[in-house]
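> First the structure, then my questions, so here it is.
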Amino acid sequence: MRTLLSSFLHLGKAYSFFFQRMKDFLSMFLMISSSLLLFSWVVRIAYSLWWKPMNLGKLLKQQGIKGTNYKFFFGDLIEHGRSIKEAYSKPMNLNHQTVPRLLPFIHQTVQTYGKISMIWDGPTPRVIITDPELMKEALTNKSGHLNKLQLNPLIKVIVPGLVRLEGEKWAERRRMINPAFHLQKLKEMVPAFSISSSELIKRWGNLFGTQGSCELDVWPEFQNLSGDAISRTAFGSNYEEGKRIFQLQNEQTSLAIDAARMIYVPGFRFLPTRKNRRRVKLNKEIRNLLRDLINKKEKAMKMRESGNDDLLGMLLQFKSHDENESGNSVLTYEELIDECKLFYFAGQETTSVLLTWTIVLLAMNPSWQEKAREEVLQICGKSKPNSESINQFKIVTMILYEVLRLYPPITMHFRHAYKRIQLGEISLPAGVDVLLPVLLIHHDPEVWGKDAEEFKPERFCEGVSKAAKDQIAFFPFGWGPRICIGQNFAMIEVKMTMAMILQHFSFELSPSYTHAPSSIVSLKPQHGAQIILHQL
């Protein structure tokens, strides 16, 4: 018995010694693993934030591309933000020399280092290209390796759907949506544009007192108008039904702009900050409202109370009945919501800014306002314009092109090289951004002449191709296969609205108007667009 007890004691000591050694081994293993993991993180951070940027910068400089020097982590973000803040702190003179105000840091970089130069977006080198030929080549993207930037999750929420897709997925989605923007389909939308414009004219007509004139900020007016038009033509509803969606998307855009002004740290969106909680709530409410709109439309189509001739009706034909099914030829419910969200946003934004700047520039140039009015009255009289009369507008079209040249809705395009690509004689390594400053090219005196900063619609009298020294220097809606799908939609709506405004009113800038263009998602008036409206 004593021998057996002694054996158990020796066995217990052996187990104790074994477990102690195992514990020591595990502690050492965990310590070594943690050290290796920490070392790995340090190496990855050093590679991403120092070695890789420095190497990419060296490869670009070896090709003669000059620019700013890399500053650890932040790059040029601080200087860029400071220059924008300073430019927007005061209004500009009543002219069209907008480049120093809207793109101050890029403008200064190009002046200092040349038309092909380099800046830094954090640790990513960004090559500025202001040569129209190279810009066209970049936007055409024949190699397939120069694609959209991967936006951080706090920003890309405002631009989902088609605009974020790449490759075959994008091509298939574009084929789904294209029929809604064919010329014949756009002609069928003209009556809906007419209804929206007529309501605007009626509302403005009710503003006049005994003086026959009134002051009006046209910027919010055109936001409401374009919201109503996209609601009617794309979703078979009206502005009041989509009003809450527009309001929420405007707030969502403001929060996205805040996020764009800082460097995104992966995982930050999951932190329960006040703004992050608001972002989640906004996204959820917008998607719920769109889901209700889709369900309502789908039910109306089944009851034959609504057709499939608008954008939403067409997209519903591709909707998958299996929520787990996803492929090139079908849309899941969430993908359908993304497309609706994109068209509510883009459909309102592009048209409203073009209308606003057209009114401002015609108020600044009364002789061209009168020429446009004479053309509209000669073609339409006092009758409402239709698709045939709109196609006859020559002077109005010239004016709109010149407005788009001086005040393009989007001032810059961005691309990212996911593999090494060749642009002309430049070899761009993978990991480099490309910045295509539309505004700089549109204002370049070497391309447009010494009067590039002046409002001269006559430069388009023979069409777009002969307006500038370089035939491809006009990029208001982009270029290549990814050119804005809604450009003809926007142009027809703007021509309809402008024609009806010119038929009923004349206008001049109000003394309270402050000329302060600001590029926030699109090119908007920072302090509104106040005019004095006169009834004809």
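Here's how to read the names in the structure tokens: chain A, B, ... by the order shown, residue numbers from 1 in each chain, ligand numbers from 1 in the order shown.
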Report as a tab-separated table (two decimals) with C-alpha atoms, in the first residue's frame all protein, DNA and RNA residues lying within 12 Å of Lys371 (chain A), evaluated on only C-alpha atoms, omitting residues in the same chain fewer than 2 positions from it.

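The resulting file, result-v6.tsv, is reproduced below:
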```
chain	number	residue	atom	x	y	z
A	362	LEU	CA	-27.60	84.04	-68.66
A	365	ASN	CA	-25.03	87.87	-70.02
A	366	PRO	CA	-28.42	89.44	-70.91
A	367	SER	CA	-27.63	89.58	-74.64
A	368	TRP	CA	-27.33	85.78	-74.79
A	369	GLN	CA	-30.44	85.46	-72.65
A	373	ARG	CA	-35.50	83.67	-75.80
A	374	GLU	CA	-35.88	84.79	-79.42
A	375	GLU	CA	-34.98	81.30	-80.61
A	376	VAL	CA	-37.45	79.62	-78.26
A	377	LEU	CA	-40.27	82.00	-79.22
A	378	GLN	CA	-39.49	81.59	-82.91
A	393	PHE	CA	-32.70	74.51	-80.47
A	394	LYS	CA	-29.27	75.62	-81.71
A	395	ILE	CA	-28.51	78.70	-79.59
A	396	VAL	CA	-29.87	77.06	-76.42
A	397	THR	CA	-27.65	74.04	-77.08
A	398	MET	CA	-24.58	76.25	-77.64
A	399	ILE	CA	-25.29	78.02	-74.35
A	457	PRO	CA	-21.30	80.12	-76.57
A	458	GLU	CA	-20.46	80.94	-80.20
A	499	ALA	CA	-37.31	77.00	-72.84
A	502	LEU	CA	-37.47	81.93	-71.20
A	506	SER	CA	-36.60	87.42	-67.84
```
> At a cut-off of 10 Å, using only C-alpha atoms, what residues contact Glu454 (chain A)? Leave out same-chain residues fewer than 6 positions from it and give the result as a list of chain:residue names.
A:Asn95, A:His96, A:Gln97, A:Glu402, A:Leu406, A:His443
> If you keep N, CA and C atoms, can you produce a file of those selected residues as a tab-separated table (two decimals), in the first residue's frame?

```tsv
chain	number	residue	atom	x	y	z
A	95	ASN	N	-16.60	86.53	-62.26
A	95	ASN	CA	-16.01	86.05	-63.51
A	95	ASN	C	-15.97	84.53	-63.49
A	96	HIS	N	-15.31	83.94	-64.47
A	96	HIS	CA	-15.32	82.48	-64.58
A	96	HIS	C	-13.93	81.88	-64.39
A	97	GLN	N	-13.06	82.60	-63.70
A	97	GLN	CA	-11.72	82.09	-63.40
A	97	GLN	C	-11.79	81.22	-62.14
A	402	GLU	N	-21.51	75.65	-73.40
A	402	GLU	CA	-20.56	76.60	-72.81
A	402	GLU	C	-20.67	76.62	-71.29
A	406	LEU	N	-17.54	75.69	-68.73
A	406	LEU	CA	-17.06	76.55	-67.64
A	406	LEU	C	-17.39	75.98	-66.26
A	443	HIS	N	-10.65	74.89	-69.06
A	443	HIS	CA	-10.24	76.28	-68.92
A	443	HIS	C	-8.83	76.53	-69.48
```
> Determine, for each residue of region 401-519 of chain A having at least one atom at most 9 Å from an atom of region 130-148 of chain A, the closest pair of atoms and their separation in Å to one decimal, counting only C-alpha atoms; order by chain and ascending number, as CSV.

```
residue,atom,partner,partner_atom,distance
A:His413,CA,A:Leu139,CA,8.8
A:Phe414,CA,A:Lys148,CA,6.7
A:Arg415,CA,A:Lys148,CA,4.8
A:His416,CA,A:Leu146,CA,5.4
A:Ala417,CA,A:Leu146,CA,4.6
A:Tyr418,CA,A:His145,CA,5.5
A:Lys419,CA,A:His145,CA,5.6
A:Arg420,CA,A:His145,CA,7.6
A:Ile421,CA,A:His145,CA,6.9
A:Gln422,CA,A:Ser143,CA,8.7
A:Leu423,CA,A:Leu134,CA,6.3
A:Gly424,CA,A:Leu134,CA,6.5
A:Ala430,CA,A:His145,CA,8.8
A:Asp433,CA,A:Leu146,CA,8.8
A:Val434,CA,A:Ala138,CA,8.3
A:Leu435,CA,A:Thr130,CA,8.7
A:Leu436,CA,A:Met135,CA,6.4
A:Pro437,CA,A:Thr130,CA,6.5
A:Val438,CA,A:Thr130,CA,8.0
A:Leu440,CA,A:Thr130,CA,7.0
A:Ile441,CA,A:Thr130,CA,6.1
A:Asp470,CA,A:Pro132,CA,7.5
A:Gln471,CA,A:Pro132,CA,8.8
A:Ile472,CA,A:Pro132,CA,6.2
A:Ala473,CA,A:Pro132,CA,5.5
A:Phe474,CA,A:Pro132,CA,8.6
A:Phe475,CA,A:Lys136,CA,8.9
A:Gly478,CA,A:Leu139,CA,7.5
A:Trp479,CA,A:Leu139,CA,5.8
A:Gly480,CA,A:Thr140,CA,4.5
A:Pro481,CA,A:Thr140,CA,6.3
A:Arg482,CA,A:Leu139,CA,7.5
A:Ile483,CA,A:Leu139,CA,8.5
```
> Tell me, in Å to one decimal, how far CA of Gly449 (chain A) is from CA of Phe105 (chain A).
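Here the two named atoms are 23.6 Å from each other.
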> Taking the chain letters and numbering used in this document, name the residues of region 253-435 of chain A that DSSP puts in helix (DSSP H, G or I), as a tab-separated table (two decimals) with N, CA and C atoms, in the first residue's frame.

```
chain	number	residue	atom	x	y	z
A	253	THR	N	-24.95	62.57	-47.81
A	253	THR	CA	-23.87	63.15	-48.61
A	253	THR	C	-22.98	64.03	-47.75
A	254	SER	N	-23.58	64.84	-46.88
A	254	SER	CA	-22.81	65.72	-45.99
A	254	SER	C	-21.89	64.91	-45.08
A	255	LEU	N	-22.39	63.79	-44.56
A	255	LEU	CA	-21.58	62.93	-43.71
A	255	LEU	C	-20.46	62.25	-44.51
A	256	ALA	N	-20.75	61.91	-45.76
A	256	ALA	CA	-19.73	61.30	-46.62
A	256	ALA	C	-18.61	62.29	-46.92
A	257	ILE	N	-18.99	63.56	-47.11
A	257	ILE	CA	-17.99	64.61	-47.37
A	257	ILE	C	-17.09	64.78	-46.15
A	258	ASP	N	-17.67	64.72	-44.95
A	258	ASP	CA	-16.86	64.79	-43.73
A	258	ASP	C	-15.84	63.65	-43.70
A	259	ALA	N	-16.28	62.45	-44.09
A	259	ALA	CA	-15.39	61.29	-44.09
A	259	ALA	C	-14.29	61.42	-45.13
A	260	ALA	N	-14.61	62.07	-46.25
A	260	ALA	CA	-13.62	62.22	-47.33
A	260	ALA	C	-12.49	63.16	-46.93
A	268	PHE	N	-13.00	51.69	-38.67
A	268	PHE	CA	-13.53	52.87	-37.98
A	268	PHE	C	-15.05	52.96	-38.07
A	269	ARG	N	-15.60	52.50	-39.20
A	269	ARG	CA	-17.05	52.63	-39.38
A	269	ARG	C	-17.84	51.82	-38.35
A	270	PHE	N	-17.19	50.84	-37.69
A	270	PHE	CA	-17.90	50.01	-36.71
A	270	PHE	C	-17.89	50.62	-35.32
A	274	ARG	N	-21.12	59.15	-32.73
A	274	ARG	CA	-22.41	59.79	-33.03
A	274	ARG	C	-22.67	59.80	-34.53
A	275	LYS	N	-21.64	60.18	-35.33
A	275	LYS	CA	-21.82	60.24	-36.78
A	275	LYS	C	-21.99	58.86	-37.38
A	276	ASN	N	-21.26	57.87	-36.86
A	276	ASN	CA	-21.41	56.51	-37.39
A	276	ASN	C	-22.80	55.95	-37.11
A	277	ARG	N	-23.31	56.21	-35.93
A	277	ARG	CA	-24.68	55.75	-35.61
A	277	ARG	C	-25.68	56.41	-36.55
A	278	ARG	N	-25.46	57.70	-36.83
A	278	ARG	CA	-26.36	58.41	-37.73
A	278	ARG	C	-26.25	57.86	-39.15
A	279	ARG	N	-25.03	57.52	-39.58
A	279	ARG	CA	-24.84	56.94	-40.92
A	279	ARG	C	-25.62	55.64	-41.06
A	280	VAL	N	-25.54	54.79	-40.05
A	280	VAL	CA	-26.25	53.50	-40.09
A	280	VAL	C	-27.76	53.73	-40.15
A	281	LYS	N	-28.24	54.66	-39.34
A	281	LYS	CA	-29.67	54.94	-39.31
A	281	LYS	C	-30.16	55.50	-40.64
A	282	LEU	N	-29.39	56.44	-41.23
A	282	LEU	CA	-29.77	57.02	-42.52
A	282	LEU	C	-29.83	55.95	-43.61
A	283	ASN	N	-28.80	55.13	-43.68
A	283	ASN	CA	-28.76	54.10	-44.72
A	283	ASN	C	-29.93	53.13	-44.58
A	284	LYS	N	-30.23	52.76	-43.35
A	284	LYS	CA	-31.34	51.83	-43.11
A	284	LYS	C	-32.67	52.45	-43.52
A	285	GLU	N	-32.88	53.72	-43.17
A	285	GLU	CA	-34.15	54.37	-43.49
A	285	GLU	C	-34.31	54.57	-45.00
A	286	ILE	N	-33.22	54.98	-45.69
A	286	ILE	CA	-33.28	55.17	-47.14
A	286	ILE	C	-33.62	53.86	-47.84
A	287	ARG	N	-32.95	52.78	-47.42
A	287	ARG	CA	-33.18	51.48	-48.07
A	287	ARG	C	-34.59	50.97	-47.79
A	288	ASN	N	-35.11	51.25	-46.60
A	288	ASN	CA	-36.49	50.85	-46.29
A	288	ASN	C	-37.50	51.61	-47.15
A	289	LEU	N	-37.25	52.92	-47.34
A	289	LEU	CA	-38.14	53.72	-48.18
A	289	LEU	C	-38.11	53.24	-49.63
A	290	LEU	N	-36.92	52.92	-50.12
A	290	LEU	CA	-36.80	52.41	-51.49
A	290	LEU	C	-37.42	51.03	-51.62
A	291	ARG	N	-37.28	50.23	-50.58
A	291	ARG	CA	-37.91	48.90	-50.60
A	291	ARG	C	-39.43	49.04	-50.69
A	292	ASP	N	-39.99	49.98	-49.96
A	292	ASP	CA	-41.43	50.21	-50.02
A	292	ASP	C	-41.85	50.68	-51.42
A	293	LEU	N	-41.02	51.58	-52.01
A	293	LEU	CA	-41.32	52.09	-53.35
A	293	LEU	C	-41.29	50.96	-54.39
A	294	ILE	N	-40.31	50.07	-54.26
A	294	ILE	CA	-40.19	48.94	-55.19
A	294	ILE	C	-41.38	47.99	-55.03
A	295	ASN	N	-41.73	47.70	-53.78
A	295	ASN	CA	-42.87	46.80	-53.54
A	295	ASN	C	-44.16	47.39	-54.09
A	296	LYS	N	-44.33	48.70	-53.91
A	296	LYS	CA	-45.53	49.37	-54.41
A	296	LYS	C	-45.59	49.29	-55.93
A	297	LYS	N	-44.45	49.54	-56.58
A	297	LYS	CA	-44.39	49.46	-58.04
A	297	LYS	C	-44.64	48.04	-58.53
A	298	GLU	N	-44.04	47.06	-57.87
A	298	GLU	CA	-44.21	45.67	-58.27
A	298	GLU	C	-45.66	45.23	-58.15
A	299	LYS	N	-46.30	45.66	-57.08
A	299	LYS	CA	-47.71	45.32	-56.87
A	299	LYS	C	-48.59	45.98	-57.93
A	300	ALA	N	-48.30	47.25	-58.26
A	300	ALA	CA	-49.08	47.96	-59.28
A	300	ALA	C	-48.91	47.31	-60.65
A	301	MET	N	-47.72	46.81	-60.94
A	301	MET	CA	-47.48	46.14	-62.22
A	301	MET	C	-48.25	44.82	-62.29
A	302	LYS	N	-48.30	44.10	-61.19
A	302	LYS	CA	-49.05	42.84	-61.16
A	302	LYS	C	-50.54	43.08	-61.33
A	311	LEU	N	-37.76	53.38	-65.60
A	311	LEU	CA	-36.54	52.70	-65.20
A	311	LEU	C	-36.80	51.58	-64.20
A	312	LEU	N	-37.59	51.87	-63.18
A	312	LEU	CA	-37.85	50.86	-62.15
A	312	LEU	C	-38.61	49.68	-62.74
A	313	GLY	N	-39.59	49.96	-63.61
A	313	GLY	CA	-40.34	48.87	-64.25
A	313	GLY	C	-39.43	47.97	-65.07
A	314	MET	N	-38.48	48.58	-65.79
A	314	MET	CA	-37.54	47.79	-66.59
A	314	MET	C	-36.63	46.94	-65.71
A	315	LEU	N	-36.13	47.55	-64.62
A	315	LEU	CA	-35.24	46.81	-63.73
A	315	LEU	C	-35.95	45.66	-63.04
A	316	LEU	N	-37.23	45.84	-62.75
A	316	LEU	CA	-37.99	44.77	-62.08
A	316	LEU	C	-38.08	43.52	-62.94
A	333	TYR	N	-32.56	41.75	-54.64
A	333	TYR	CA	-33.35	42.87	-54.10
A	333	TYR	C	-32.42	44.01	-53.68
A	334	GLU	N	-31.31	43.67	-53.03
A	334	GLU	CA	-30.38	44.71	-52.56
A	334	GLU	C	-29.73	45.43	-53.72
A	335	GLU	N	-29.41	44.72	-54.82
A	335	GLU	CA	-28.84	45.36	-56.00
A	335	GLU	C	-29.84	46.30	-56.65
A	336	LEU	N	-31.09	45.90	-56.65
A	336	LEU	CA	-32.14	46.75	-57.20
A	336	LEU	C	-32.28	48.03	-56.38
A	337	ILE	N	-32.20	47.91	-55.07
A	337	ILE	CA	-32.25	49.09	-54.20
A	337	ILE	C	-31.06	50.00	-54.47
A	338	ASP	N	-29.88	49.42	-54.69
A	338	ASP	CA	-28.68	50.22	-54.99
A	338	ASP	C	-28.87	51.06	-56.25
A	339	GLU	N	-29.44	50.45	-57.30
A	339	GLU	CA	-29.65	51.19	-58.55
A	339	GLU	C	-30.66	52.31	-58.36
A	340	CYS	N	-31.72	52.04	-57.62
A	340	CYS	CA	-32.72	53.09	-57.35
A	340	CYS	C	-32.09	54.24	-56.56
A	341	LYS	N	-31.28	53.90	-55.59
A	341	LYS	CA	-30.62	54.91	-54.77
A	341	LYS	C	-29.71	55.78	-55.63
A	342	LEU	N	-28.95	55.14	-56.52
A	342	LEU	CA	-28.04	55.87	-57.40
A	342	LEU	C	-28.79	56.83	-58.30
A	343	PHE	N	-29.91	56.39	-58.88
A	343	PHE	CA	-30.63	57.26	-59.82
A	343	PHE	C	-31.40	58.37	-59.12
A	344	TYR	N	-31.83	58.14	-57.90
A	344	TYR	CA	-32.42	59.24	-57.13
A	344	TYR	C	-31.36	60.31	-56.88
A	345	PHE	N	-30.14	59.87	-56.59
A	345	PHE	CA	-29.06	60.83	-56.29
A	345	PHE	C	-28.55	61.51	-57.56
A	346	ALA	N	-28.11	60.71	-58.55
A	346	ALA	CA	-27.50	61.27	-59.75
A	346	ALA	C	-28.51	62.01	-60.61
A	347	GLY	N	-29.74	61.52	-60.68
A	347	GLY	CA	-30.75	62.15	-61.51
A	347	GLY	C	-31.10	63.55	-61.04
A	348	GLN	N	-31.05	63.76	-59.74
A	348	GLN	CA	-31.32	65.10	-59.21
A	348	GLN	C	-30.11	66.01	-59.32
A	349	GLU	N	-28.93	65.46	-59.02
A	349	GLU	CA	-27.72	66.26	-58.87
A	349	GLU	C	-27.30	66.93	-60.17
A	350	THR	N	-27.11	66.13	-61.24
A	350	THR	CA	-26.56	66.66	-62.49
A	350	THR	C	-27.45	67.73	-63.09
A	351	THR	N	-28.74	67.46	-63.16
A	351	THR	CA	-29.67	68.39	-63.81
A	351	THR	C	-29.80	69.70	-63.03
A	352	SER	N	-29.90	69.60	-61.72
A	352	SER	CA	-30.11	70.81	-60.91
A	352	SER	C	-28.92	71.76	-61.00
A	353	VAL	N	-27.69	71.22	-60.99
A	353	VAL	CA	-26.53	72.11	-61.07
A	353	VAL	C	-26.40	72.74	-62.46
A	354	LEU	N	-26.72	71.98	-63.51
A	354	LEU	CA	-26.65	72.55	-64.86
A	354	LEU	C	-27.67	73.66	-65.04
A	355	LEU	N	-28.88	73.46	-64.57
A	355	LEU	CA	-29.91	74.50	-64.66
A	355	LEU	C	-29.50	75.74	-63.87
A	356	THR	N	-28.95	75.53	-62.68
A	356	THR	CA	-28.58	76.65	-61.83
A	356	THR	C	-27.51	77.52	-62.49
A	357	TRP	N	-26.45	76.90	-62.99
A	357	TRP	CA	-25.37	77.69	-63.60
A	357	TRP	C	-25.81	78.30	-64.93
A	358	THR	N	-26.74	77.66	-65.62
A	358	THR	CA	-27.26	78.26	-66.86
A	358	THR	C	-28.01	79.55	-66.56
A	359	ILE	N	-28.84	79.53	-65.53
A	359	ILE	CA	-29.57	80.74	-65.14
A	359	ILE	C	-28.59	81.83	-64.70
A	360	VAL	N	-27.60	81.46	-63.90
A	360	VAL	CA	-26.63	82.45	-63.41
A	360	VAL	C	-25.88	83.09	-64.58
A	361	LEU	N	-25.40	82.27	-65.52
A	361	LEU	CA	-24.62	82.81	-66.63
A	361	LEU	C	-25.47	83.63	-67.60
A	362	LEU	N	-26.71	83.24	-67.80
A	362	LEU	CA	-27.60	84.04	-68.66
A	362	LEU	C	-27.99	85.34	-67.96
A	363	ALA	N	-28.08	85.33	-66.64
A	363	ALA	CA	-28.34	86.57	-65.89
A	363	ALA	C	-27.14	87.51	-65.99
A	364	MET	N	-25.94	86.94	-66.07
A	364	MET	CA	-24.73	87.74	-66.22
A	364	MET	C	-24.54	88.22	-67.66
A	366	PRO	N	-27.05	89.22	-70.43
A	366	PRO	CA	-28.42	89.44	-70.91
A	366	PRO	C	-28.56	89.36	-72.43
A	367	SER	N	-27.51	89.66	-73.18
A	367	SER	CA	-27.63	89.58	-74.64
A	367	SER	C	-27.84	88.13	-75.08
A	368	TRP	N	-27.14	87.19	-74.45
A	368	TRP	CA	-27.33	85.78	-74.79
A	368	TRP	C	-28.66	85.27	-74.26
A	369	GLN	N	-29.11	85.82	-73.14
A	369	GLN	CA	-30.44	85.46	-72.65
A	369	GLN	C	-31.50	85.84	-73.67
A	370	GLU	N	-31.35	87.02	-74.26
A	370	GLU	CA	-32.33	87.49	-75.24
A	370	GLU	C	-32.25	86.66	-76.53
A	371	LYS	N	-31.04	86.30	-76.94
A	371	LYS	CA	-30.90	85.46	-78.13
A	371	LYS	C	-31.57	84.11	-77.93
A	372	ALA	N	-31.40	83.53	-76.76
A	372	ALA	CA	-32.02	82.24	-76.46
A	372	ALA	C	-33.54	82.37	-76.44
A	373	ARG	N	-34.05	83.46	-75.86
A	373	ARG	CA	-35.50	83.67	-75.80
A	373	ARG	C	-36.08	83.84	-77.20
A	374	GLU	N	-35.40	84.60	-78.04
A	374	GLU	CA	-35.88	84.79	-79.42
A	374	GLU	C	-35.95	83.46	-80.16
A	375	GLU	N	-34.96	82.61	-79.95
A	375	GLU	CA	-34.98	81.30	-80.61
A	375	GLU	C	-36.14	80.45	-80.12
A	376	VAL	N	-36.35	80.42	-78.81
A	376	VAL	CA	-37.45	79.62	-78.26
A	376	VAL	C	-38.79	80.12	-78.76
A	377	LEU	N	-38.99	81.43	-78.76
A	377	LEU	CA	-40.27	82.00	-79.22
A	377	LEU	C	-40.46	81.78	-80.71
A	378	GLN	N	-39.38	81.82	-81.47
A	378	GLN	CA	-39.49	81.59	-82.91
A	378	GLN	C	-39.88	80.14	-83.21
A	379	ILE	N	-39.35	79.21	-82.45
A	379	ILE	CA	-39.62	77.78	-82.71
A	379	ILE	C	-40.91	77.32	-82.04
A	380	CYS	N	-41.16	77.77	-80.81
A	380	CYS	CA	-42.29	77.24	-80.04
A	380	CYS	C	-43.43	78.25	-79.86
A	387	SER	N	-40.68	67.17	-78.11
A	387	SER	CA	-39.41	66.54	-78.49
A	387	SER	C	-38.90	67.07	-79.83
A	388	GLU	N	-39.81	67.39	-80.77
A	388	GLU	CA	-39.38	67.91	-82.07
A	388	GLU	C	-38.80	69.31	-81.96
A	389	SER	N	-39.48	70.17	-81.21
A	389	SER	CA	-39.00	71.56	-81.09
A	389	SER	C	-37.70	71.63	-80.30
A	390	ILE	N	-37.55	70.77	-79.30
A	390	ILE	CA	-36.32	70.75	-78.51
A	390	ILE	C	-35.12	70.43	-79.39
A	391	ASN	N	-35.30	69.52	-80.34
A	391	ASN	CA	-34.21	69.14	-81.24
A	391	ASN	C	-33.78	70.27	-82.17
A	395	ILE	N	-29.12	77.73	-80.52
A	395	ILE	CA	-28.51	78.70	-79.59
A	395	ILE	C	-28.58	78.18	-78.16
A	396	VAL	N	-29.73	77.62	-77.78
A	396	VAL	CA	-29.87	77.06	-76.42
A	396	VAL	C	-28.84	75.96	-76.19
A	397	THR	N	-28.63	75.11	-77.20
A	397	THR	CA	-27.65	74.04	-77.08
A	397	THR	C	-26.24	74.59	-76.94
A	398	MET	N	-25.90	75.61	-77.75
A	398	MET	CA	-24.58	76.25	-77.64
A	398	MET	C	-24.36	76.81	-76.23
A	399	ILE	N	-25.38	77.44	-75.69
A	399	ILE	CA	-25.29	78.02	-74.35
A	399	ILE	C	-25.04	76.93	-73.31
A	400	LEU	N	-25.79	75.83	-73.42
A	400	LEU	CA	-25.64	74.74	-72.45
A	400	LEU	C	-24.25	74.12	-72.52
A	401	TYR	N	-23.72	73.95	-73.72
A	401	TYR	CA	-22.36	73.42	-73.86
A	401	TYR	C	-21.34	74.34	-73.20
A	402	GLU	N	-21.51	75.65	-73.40
A	402	GLU	CA	-20.56	76.60	-72.81
A	402	GLU	C	-20.67	76.62	-71.29
A	403	VAL	N	-21.88	76.46	-70.77
A	403	VAL	CA	-22.06	76.36	-69.31
A	403	VAL	C	-21.36	75.10	-68.80
A	404	LEU	N	-21.53	73.99	-69.51
A	404	LEU	CA	-20.89	72.73	-69.11
A	404	LEU	C	-19.37	72.82	-69.20
A	405	ARG	N	-18.87	73.62	-70.13
A	405	ARG	CA	-17.43	73.80	-70.23
A	405	ARG	C	-16.90	74.58	-69.04
A	406	LEU	N	-17.54	75.69	-68.73
A	406	LEU	CA	-17.06	76.55	-67.64
A	406	LEU	C	-17.39	75.98	-66.26
```
> Among region 223-373 of chain A, which ones does DSSP place in strand (DSSP E or B), written as a list in words?
Lys319, Gly327, Val330 and Leu331 of chain A
> Deliver the residues from the most recent selection as a file, using N, CA and C atoms, as a PDB file, in the first residue's frame.

```pdb
ATOM      1  N   LYS A 319     -35.332  41.356 -61.783  1.00  0.00           N
ATOM      2  CA  LYS A 319     -35.261  41.044 -60.356  1.00  0.00           C
ATOM      3  C   LYS A 319     -35.319  39.545 -60.126  1.00  0.00           C
ATOM      4  N   GLY A 327     -26.394  36.746 -60.246  1.00  0.00           N
ATOM      5  CA  GLY A 327     -25.690  36.409 -61.477  1.00  0.00           C
ATOM      6  C   GLY A 327     -25.692  37.579 -62.416  1.00  0.00           C
ATOM      7  N   VAL A 330     -29.477  38.646 -63.542  1.00  0.00           N
ATOM      8  CA  VAL A 330     -30.530  38.933 -62.574  1.00  0.00           C
ATOM      9  C   VAL A 330     -30.043  39.971 -61.570  1.00  0.00           C
ATOM     10  N   LEU A 331     -31.001  40.606 -60.905  1.00  0.00           N
ATOM     11  CA  LEU A 331     -30.703  41.568 -59.848  1.00  0.00           C
ATOM     12  C   LEU A 331     -31.291  41.053 -58.547  1.00  0.00           C
TER      13      LEU A 331
END
```
> Which polymer residues have any atom within 9 Å of an atom of region 180-192 of chain A, counting only C-alpha atoms, with same-chain residues fewer than 5 positions away left out, as number ranges by chain?
A: 197, 229, 232-234, 309-311, 314, 385-388, 485-486, 488-489, 492-493, 496
> Put those residues in a file: C-alpha atoms, as a tab-separated table (two decimals), in the first residue's frame.

```tsv
chain	number	residue	atom	x	y	z
A	197	SER	CA	-41.52	72.31	-65.61
A	229	ALA	CA	-38.58	64.80	-62.92
A	232	ARG	CA	-41.83	60.72	-62.54
A	233	THR	CA	-39.68	59.35	-65.34
A	234	ALA	CA	-37.67	56.70	-63.48
A	309	ASP	CA	-41.93	51.60	-69.26
A	310	ASP	CA	-39.96	53.54	-66.62
A	311	LEU	CA	-36.54	52.70	-65.20
A	314	MET	CA	-37.54	47.79	-66.59
A	385	PRO	CA	-41.91	72.65	-76.19
A	386	ASN	CA	-42.06	69.05	-77.39
A	387	SER	CA	-39.41	66.54	-78.49
A	388	GLU	CA	-39.38	67.91	-82.07
A	485	ILE	CA	-25.59	57.05	-69.03
A	486	GLY	CA	-27.95	59.89	-68.14
A	488	ASN	CA	-29.12	62.84	-72.84
A	489	PHE	CA	-31.75	62.58	-70.11
A	492	ILE	CA	-33.48	67.12	-72.69
A	493	GLU	CA	-34.83	68.00	-69.25
A	496	MET	CA	-37.39	71.79	-71.73
```
> State, in Å with one decimal place, the distance from CA of Trp448 (chain A) to CA of Lys469 (chain A).
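CA of Lys469 (chain A) lies 6.3 Å from CA of Trp448 (chain A).
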> When you look at Tyr239 (chain A) with a cut-off of 10 Å (counting only C-alpha atoms), what residues show up, excluding the ones that are within fewer than 2 positions of it in the same chain? I need them as a list in words.
Ser196, Asn224, Leu225, Ser226, Gly227, Asp228, Ala229, Ile230, Ser231, Arg232, Ser237, Glu241, Gly242, Lys243, Arg244, Ile245 and Phe246 of chain A
> Contacts of Ile128 (chain A) at 6 Å or less, counting only C-alpha atoms, minus same-chain residues fewer than 2 places along, as an NGL selection string?
:A and (116-118 or 435)
